[in-house]
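In what follows, a single structure is set out as structure tokens and then discussed.
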Amino acid sequence: MRRRRQQLSAEECRRILERGKTGVLAVVGDGGYPYTVPINYYFDGESIYLHCAKEGHKLDAIRKDPKVSFCVVDRDDICQEKYTTLFRDVVVFGRAEIVTDEKEMRTSVTALAEKYCPDFLDGIPAEVEREFGILCMIKINIEHITGKQGKELLKEDVR
């Protein structure tokens with residue numbers, strides 16, 4: 001990273017991954033073109049889990065080349081008077097795999113549902129059962145994490 005002062009610690013990167021709502025998955029798509037898609041996710045402290053249908057462009061791309069990146073934007077505030085953006089984000093690099101172990105699938109999709117539907121925890125088991133047959137889970141095995149914030153945020157205590 002060119003501006004080391006703006007680099008986030010590993011701990012802060014993990015906190016951002018834990019609290020983030022949406023990430024952008026990047027894969028190598030058709031013809032070598034990058035393909036990105038915004039998606040909800042669950043971070044278990046070691047890996048990132050995503051859900052999707054059993055067929056589609058991102059699965060085809062992962063089967064061809066499992067190397068992916070995943071970005072989560074934690075802050076993105078335009079500061080017009082200074083012609084800048086107050087930003088904080090994390091980028092993960094790793095290898096994606098399609099989860100085949102049924103127990104891992106159930107555990108990860110349940111954790112994902114609990115993250116996004118904390119007011120409806122009682123209904124999660126039935127929803128998981130109802131959707132399980134058409135569900136696919138992707139696991140990103142993290143190899144490297146980097147995070148950066150705008151230089152203006154170095155002066156703030158906003159964490």
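By convention here, the chains of the structure tokens are called A, B, ... in the order presented, each chain's residues are numbered starting at 1, and ligands are numbered starting at 1 in the order presented.
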At a cut-off of 8 Å, using only C-alpha atoms, what residues contact Cys71 in chain A? Leave out same-chain residues fewer than 2 positions from it and give the result as a PDB file with N, CA, C and O atoms, in the first residue's frame.
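As a result, around.pdb now contains:
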```pdb
ATOM      1  N   GLY A  23     -21.201  -6.754   0.525  1.00  0.00           N
ATOM      2  CA  GLY A  23     -19.873  -6.761  -0.067  1.00  0.00           C
ATOM      3  C   GLY A  23     -19.997  -6.914  -1.566  1.00  0.00           C
ATOM      4  O   GLY A  23     -21.076  -7.223  -2.089  1.00  0.00           O
ATOM      5  N   VAL A  24     -18.900  -6.673  -2.260  1.00  0.00           N
ATOM      6  CA  VAL A  24     -18.876  -6.847  -3.708  1.00  0.00           C
ATOM      7  C   VAL A  24     -17.878  -7.957  -4.026  1.00  0.00           C
ATOM      8  O   VAL A  24     -16.687  -7.835  -3.723  1.00  0.00           O
ATOM      9  N   LEU A  25     -18.400  -9.027  -4.595  1.00  0.00           N
ATOM     10  CA  LEU A  25     -17.588 -10.167  -4.995  1.00  0.00           C
ATOM     11  C   LEU A  25     -17.068  -9.927  -6.404  1.00  0.00           C
ATOM     12  O   LEU A  25     -17.838  -9.575  -7.301  1.00  0.00           O
ATOM     13  N   SER A  69     -11.759 -11.634  -5.233  1.00  0.00           N
ATOM     14  CA  SER A  69     -11.588 -10.573  -4.246  1.00  0.00           C
ATOM     15  C   SER A  69     -12.984 -10.167  -3.788  1.00  0.00           C
ATOM     16  O   SER A  69     -13.981 -10.412  -4.478  1.00  0.00           O
ATOM     17  N   VAL A  73     -17.366  -1.747   1.871  1.00  0.00           N
ATOM     18  CA  VAL A  73     -17.216  -0.322   2.144  1.00  0.00           C
ATOM     19  C   VAL A  73     -17.885  -0.039   3.484  1.00  0.00           C
ATOM     20  O   VAL A  73     -19.079  -0.264   3.650  1.00  0.00           O
ATOM     21  N   ASP A  89     -12.600   1.208   3.888  1.00  0.00           N
ATOM     22  CA  ASP A  89     -13.013  -0.027   3.221  1.00  0.00           C
ATOM     23  C   ASP A  89     -11.984  -1.128   3.429  1.00  0.00           C
ATOM     24  O   ASP A  89     -10.862  -0.882   3.855  1.00  0.00           O
ATOM     25  N   VAL A  90     -12.426  -2.323   3.128  1.00  0.00           N
ATOM     26  CA  VAL A  90     -11.593  -3.516   3.261  1.00  0.00           C
ATOM     27  C   VAL A  90     -11.696  -4.327   1.972  1.00  0.00           C
ATOM     28  O   VAL A  90     -12.788  -4.460   1.401  1.00  0.00           O
ATOM     29  N   VAL A  91     -10.567  -4.854   1.524  1.00  0.00           N
ATOM     30  CA  VAL A  91     -10.543  -5.749   0.379  1.00  0.00           C
ATOM     31  C   VAL A  91      -9.911  -7.064   0.821  1.00  0.00           C
ATOM     32  O   VAL A  91      -8.848  -7.076   1.446  1.00  0.00           O
ATOM     33  N   VAL A  92     -10.600  -8.143   0.517  1.00  0.00           N
ATOM     34  CA  VAL A  92     -10.142  -9.497   0.844  1.00  0.00           C
ATOM     35  C   VAL A  92      -9.745 -10.187  -0.453  1.00  0.00           C
ATOM     36  O   VAL A  92     -10.449 -10.068  -1.462  1.00  0.00           O
TER      37      VAL A  92
END
```
> Got a sec to tell me which of range 25-79 of chain A DSSP assigns to helix (DSSP H, G or I), as a ChimeraX atom specification?
Replying inline: /A:30-32,57-64
Go ahead and write the selection's residues with C-alpha atoms as a PDB file, in the first residue's frame.
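Everything below was put into again_27.pdb:
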```
ATOM      1  CA  ASP A  30     -16.306 -14.717 -19.384  1.00  0.00           C
ATOM      2  CA  GLY A  31     -13.505 -13.800 -21.753  1.00  0.00           C
ATOM      3  CA  GLY A  32     -11.272 -12.761 -18.864  1.00  0.00           C
ATOM      4  CA  HIS A  57     -22.466 -16.745 -13.765  1.00  0.00           C
ATOM      5  CA  LYS A  58     -20.545 -16.375 -10.488  1.00  0.00           C
ATOM      6  CA  LEU A  59     -20.552 -20.137  -9.883  1.00  0.00           C
ATOM      7  CA  ASP A  60     -19.381 -20.781 -13.441  1.00  0.00           C
ATOM      8  CA  ALA A  61     -16.572 -18.273 -12.929  1.00  0.00           C
ATOM      9  CA  ILE A  62     -15.536 -19.768  -9.574  1.00  0.00           C
ATOM     10  CA  ARG A  63     -15.421 -23.245 -11.101  1.00  0.00           C
ATOM     11  CA  LYS A  64     -13.068 -21.945 -13.821  1.00  0.00           C
TER      12      LYS A  64
END
```
>> Need to verify the contact set: range 115-129 of chain A, 8 Å, only C-alpha atoms, exclusion of same-chain residues closer than 4 positions in sequence. Can you return it as a list in words?
In response: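 Listed by chain and then number, they are Tyr42, Arg106, Val109, Thr110, Ala111 and Gly133 of chain A.
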Save the residues we just selected, all heavy atoms, as a PDB file, in the first residue's frame?
```
ATOM      1  N   TYR A  42     -21.635 -13.456   5.297  1.00  0.00           N
ATOM      2  CA  TYR A  42     -21.385 -13.723   6.713  1.00  0.00           C
ATOM      3  C   TYR A  42     -19.898 -13.990   6.887  1.00  0.00           C
ATOM      4  O   TYR A  42     -19.318 -14.793   6.150  1.00  0.00           O
ATOM      5  CB  TYR A  42     -22.204 -14.927   7.190  1.00  0.00           C
ATOM      6  CG  TYR A  42     -21.818 -15.384   8.568  1.00  0.00           C
ATOM      7  CD1 TYR A  42     -22.105 -14.607   9.681  1.00  0.00           C
ATOM      8  CD2 TYR A  42     -21.149 -16.580   8.762  1.00  0.00           C
ATOM      9  CE1 TYR A  42     -21.727 -15.021  10.959  1.00  0.00           C
ATOM     10  CE2 TYR A  42     -20.775 -16.991  10.025  1.00  0.00           C
ATOM     11  CZ  TYR A  42     -21.069 -16.203  11.116  1.00  0.00           C
ATOM     12  OH  TYR A  42     -20.691 -16.597  12.366  1.00  0.00           O
ATOM     13  N   ARG A 106     -25.580 -25.782   6.389  1.00  0.00           N
ATOM     14  CA  ARG A 106     -26.649 -25.404   7.329  1.00  0.00           C
ATOM     15  C   ARG A 106     -26.156 -24.393   8.366  1.00  0.00           C
ATOM     16  O   ARG A 106     -26.845 -23.421   8.671  1.00  0.00           O
ATOM     17  CB  ARG A 106     -27.211 -26.636   8.026  1.00  0.00           C
ATOM     18  CG  ARG A 106     -28.075 -27.490   7.146  1.00  0.00           C
ATOM     19  CD  ARG A 106     -28.666 -28.682   7.900  1.00  0.00           C
ATOM     20  NE  ARG A 106     -29.317 -29.583   6.978  1.00  0.00           N
ATOM     21  CZ  ARG A 106     -30.521 -29.383   6.453  1.00  0.00           C
ATOM     22  NH1 ARG A 106     -31.204 -28.313   6.771  1.00  0.00           N
ATOM     23  NH2 ARG A 106     -31.039 -30.257   5.612  1.00  0.00           N
ATOM     24  N   VAL A 109     -25.517 -20.910   6.451  1.00  0.00           N
ATOM     25  CA  VAL A 109     -26.728 -20.208   6.009  1.00  0.00           C
ATOM     26  C   VAL A 109     -27.558 -19.765   7.217  1.00  0.00           C
ATOM     27  O   VAL A 109     -28.188 -18.702   7.193  1.00  0.00           O
ATOM     28  CB  VAL A 109     -27.562 -21.038   5.008  1.00  0.00           C
ATOM     29  CG1 VAL A 109     -28.295 -22.191   5.689  1.00  0.00           C
ATOM     30  CG2 VAL A 109     -28.544 -20.129   4.282  1.00  0.00           C
ATOM     31  N   THR A 110     -27.533 -20.530   8.284  1.00  0.00           N
ATOM     32  CA  THR A 110     -28.226 -20.122   9.506  1.00  0.00           C
ATOM     33  C   THR A 110     -27.574 -18.877  10.094  1.00  0.00           C
ATOM     34  O   THR A 110     -28.258 -17.926  10.485  1.00  0.00           O
ATOM     35  CB  THR A 110     -28.246 -21.273  10.535  1.00  0.00           C
ATOM     36  OG1 THR A 110     -28.961 -22.379   9.955  1.00  0.00           O
ATOM     37  CG2 THR A 110     -28.912 -20.849  11.833  1.00  0.00           C
ATOM     38  N   ALA A 111     -26.248 -18.849  10.141  1.00  0.00           N
ATOM     39  CA  ALA A 111     -25.532 -17.672  10.649  1.00  0.00           C
ATOM     40  C   ALA A 111     -25.808 -16.452   9.773  1.00  0.00           C
ATOM     41  O   ALA A 111     -25.979 -15.336  10.286  1.00  0.00           O
ATOM     42  CB  ALA A 111     -24.040 -17.960  10.716  1.00  0.00           C
ATOM     43  N   GLY A 133     -32.891 -27.071  -0.516  1.00  0.00           N
ATOM     44  CA  GLY A 133     -32.711 -27.829  -1.753  1.00  0.00           C
ATOM     45  C   GLY A 133     -32.260 -26.998  -2.941  1.00  0.00           C
ATOM     46  O   GLY A 133     -31.661 -27.529  -3.878  1.00  0.00           O
TER      47      GLY A 133
END
```
> Any idea what the distance is between CA of Met105 in chain A and CA of Ile138 in chain A?
Replying inline: 8.9 Å
> Taking only C-alpha atoms into account, which of A:Phe132, A:Phe93, A:Tyr41, A:Tyr35 comes nearest Lys67 in chain A?
Replying inline: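 Closest candidate: A:Phe93.
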>> Considering only strand (DSSP E) as DSSP defines it on the backbone, what residues of range 12-46 of chain A qualify? List them as an MDAnalysis selection string.
In response: chainID A and resid 22:28 34:40 42:43
Residues from the last selection, N, CA, C and O atoms, saved as a PDB file, in the first residue's frame:
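Saved the output as result21.pdb:
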```pdb
ATOM      1  N   THR A  22     -23.156  -5.398   3.085  1.00  0.00           N
ATOM      2  CA  THR A  22     -23.055  -5.806   1.689  1.00  0.00           C
ATOM      3  C   THR A  22     -21.603  -5.752   1.258  1.00  0.00           C
ATOM      4  O   THR A  22     -20.888  -4.810   1.596  1.00  0.00           O
ATOM      5  N   GLY A  23     -21.201  -6.754   0.525  1.00  0.00           N
ATOM      6  CA  GLY A  23     -19.873  -6.761  -0.067  1.00  0.00           C
ATOM      7  C   GLY A  23     -19.997  -6.914  -1.566  1.00  0.00           C
ATOM      8  O   GLY A  23     -21.076  -7.223  -2.089  1.00  0.00           O
ATOM      9  N   VAL A  24     -18.900  -6.673  -2.260  1.00  0.00           N
ATOM     10  CA  VAL A  24     -18.876  -6.847  -3.708  1.00  0.00           C
ATOM     11  C   VAL A  24     -17.878  -7.957  -4.026  1.00  0.00           C
ATOM     12  O   VAL A  24     -16.687  -7.835  -3.723  1.00  0.00           O
ATOM     13  N   LEU A  25     -18.400  -9.027  -4.595  1.00  0.00           N
ATOM     14  CA  LEU A  25     -17.588 -10.167  -4.995  1.00  0.00           C
ATOM     15  C   LEU A  25     -17.068  -9.927  -6.404  1.00  0.00           C
ATOM     16  O   LEU A  25     -17.838  -9.575  -7.301  1.00  0.00           O
ATOM     17  N   ALA A  26     -15.768 -10.125  -6.605  1.00  0.00           N
ATOM     18  CA  ALA A  26     -15.160  -9.999  -7.928  1.00  0.00           C
ATOM     19  C   ALA A  26     -14.565 -11.339  -8.331  1.00  0.00           C
ATOM     20  O   ALA A  26     -13.811 -11.943  -7.569  1.00  0.00           O
ATOM     21  N   VAL A  27     -14.932 -11.783  -9.520  1.00  0.00           N
ATOM     22  CA  VAL A  27     -14.417 -13.033 -10.082  1.00  0.00           C
ATOM     23  C   VAL A  27     -13.911 -12.748 -11.493  1.00  0.00           C
ATOM     24  O   VAL A  27     -14.181 -11.694 -12.060  1.00  0.00           O
ATOM     25  N   VAL A  28     -13.182 -13.696 -12.051  1.00  0.00           N
ATOM     26  CA  VAL A  28     -12.775 -13.600 -13.445  1.00  0.00           C
ATOM     27  C   VAL A  28     -13.925 -14.173 -14.274  1.00  0.00           C
ATOM     28  O   VAL A  28     -14.224 -15.362 -14.195  1.00  0.00           O
ATOM     29  N   PRO A  34     -13.409  -8.894 -15.756  1.00  0.00           N
ATOM     30  CA  PRO A  34     -13.825  -8.941 -14.344  1.00  0.00           C
ATOM     31  C   PRO A  34     -15.350  -8.926 -14.264  1.00  0.00           C
ATOM     32  O   PRO A  34     -16.013  -8.262 -15.069  1.00  0.00           O
ATOM     33  N   TYR A  35     -15.872  -9.666 -13.335  1.00  0.00           N
ATOM     34  CA  TYR A  35     -17.317  -9.677 -13.078  1.00  0.00           C
ATOM     35  C   TYR A  35     -17.507  -9.426 -11.591  1.00  0.00           C
ATOM     36  O   TYR A  35     -16.926 -10.137 -10.759  1.00  0.00           O
ATOM     37  N   THR A  36     -18.261  -8.399 -11.267  1.00  0.00           N
ATOM     38  CA  THR A  36     -18.514  -8.075  -9.861  1.00  0.00           C
ATOM     39  C   THR A  36     -19.998  -8.116  -9.586  1.00  0.00           C
ATOM     40  O   THR A  36     -20.817  -7.815 -10.455  1.00  0.00           O
ATOM     41  N   VAL A  37     -20.325  -8.492  -8.356  1.00  0.00           N
ATOM     42  CA  VAL A  37     -21.728  -8.553  -7.961  1.00  0.00           C
ATOM     43  C   VAL A  37     -21.835  -8.212  -6.471  1.00  0.00           C
ATOM     44  O   VAL A  37     -21.087  -8.740  -5.647  1.00  0.00           O
ATOM     45  N   PRO A  38     -22.739  -7.290  -6.122  1.00  0.00           N
ATOM     46  CA  PRO A  38     -22.963  -7.006  -4.705  1.00  0.00           C
ATOM     47  C   PRO A  38     -23.744  -8.151  -4.072  1.00  0.00           C
ATOM     48  O   PRO A  38     -24.641  -8.723  -4.710  1.00  0.00           O
ATOM     49  N   ILE A  39     -23.384  -8.485  -2.840  1.00  0.00           N
ATOM     50  CA  ILE A  39     -24.018  -9.644  -2.208  1.00  0.00           C
ATOM     51  C   ILE A  39     -23.919  -9.540  -0.687  1.00  0.00           C
ATOM     52  O   ILE A  39     -22.963  -8.982  -0.153  1.00  0.00           O
ATOM     53  N   ASN A  40     -24.935 -10.072  -0.003  1.00  0.00           N
ATOM     54  CA  ASN A  40     -24.876 -10.188   1.452  1.00  0.00           C
ATOM     55  C   ASN A  40     -23.927 -11.321   1.808  1.00  0.00           C
ATOM     56  O   ASN A  40     -23.737 -12.252   1.026  1.00  0.00           O
ATOM     57  N   TYR A  42     -21.635 -13.456   5.297  1.00  0.00           N
ATOM     58  CA  TYR A  42     -21.385 -13.723   6.713  1.00  0.00           C
ATOM     59  C   TYR A  42     -19.898 -13.990   6.887  1.00  0.00           C
ATOM     60  O   TYR A  42     -19.318 -14.793   6.150  1.00  0.00           O
ATOM     61  N   PHE A  43     -19.275 -13.308   7.846  1.00  0.00           N
ATOM     62  CA  PHE A  43     -17.859 -13.497   8.164  1.00  0.00           C
ATOM     63  C   PHE A  43     -17.777 -14.204   9.506  1.00  0.00           C
ATOM     64  O   PHE A  43     -18.289 -13.717  10.507  1.00  0.00           O
TER      65      PHE A  43
END
```
> Quick one: of A:Gln6, A:Ser47, A:Thr84, A:Ser108, who's nearest to Gly147 in chain A, counting only C-alpha atoms?
Replying inline: A:Gln6
> Nearest to Arg14 in chain A among A:Gly150, A:Pro66, A:Gly56, A:Gly45, with distances taken over only C-alpha atoms: which residue is it?
Replying inline: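 Closest candidate: A:Gly45.
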Residues within 9 Å of Glu152 in chain A, please, as a short mmCIF file (atom, residue, chain, number, x, y, z; two decimals) with N, CA, C and O atoms, in the first residue's frame. Count only C-alpha atoms; anything in the same chain fewer than 4 positions from it doesn't count.
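File selection09.cif, as written:
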```
data_model
loop_
_atom_site.label_atom_id
_atom_site.label_comp_id
_atom_site.auth_asym_id
_atom_site.auth_seq_id
_atom_site.Cartn_x
_atom_site.Cartn_y
_atom_site.Cartn_z
N THR A 84 -13.43 15.94 -1.27
CA THR A 84 -12.87 14.64 -0.93
C THR A 84 -13.97 13.71 -0.42
O THR A 84 -15.11 14.11 -0.24
N THR A 85 -13.59 12.49 -0.17
CA THR A 85 -14.50 11.49 0.38
C THR A 85 -13.89 10.95 1.67
O THR A 85 -12.70 10.63 1.72
N LEU A 86 -14.71 10.87 2.70
CA LEU A 86 -14.31 10.24 3.96
C LEU A 86 -14.65 8.76 3.80
O LEU A 86 -15.81 8.38 3.89
N PHE A 87 -13.65 7.96 3.53
CA PHE A 87 -13.90 6.56 3.22
C PHE A 87 -13.15 5.63 4.15
O PHE A 87 -12.12 5.98 4.73
N GLU A 156 -9.92 11.68 13.17
CA GLU A 156 -11.16 11.39 13.90
C GLU A 156 -11.04 10.10 14.70
O GLU A 156 -10.31 9.19 14.33
#
```
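Taking CA of Val72 in chain A and CA of Ser9 in chain A as the two end points, the separation is 15.1 Å.
Atom pair CA of Thr100 in chain A / CA of Cys136 in chain A has a distance of 8.6 Å (rounded to one decimal).
The smallest atom-to-atom distance between Asp44 in chain A and any of A:Glu18, A:Ala113, A:Lys148, A:Asp65, using only C-alpha atoms, is found for A:Glu18.
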>> Given only C-alpha atoms as the basis, pick out the residue of A:Glu97, A:Lys54, A:Glu102, A:Asp74 nearest to Arg19 in chain A.
In response: A:Asp74
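Comparing the minimum interatomic distances between Lys139 in chain A and each of A:Arg75, A:Arg88, A:Lys103, A:His51, counting only C-alpha atoms, we find that A:His51 sits nearest.
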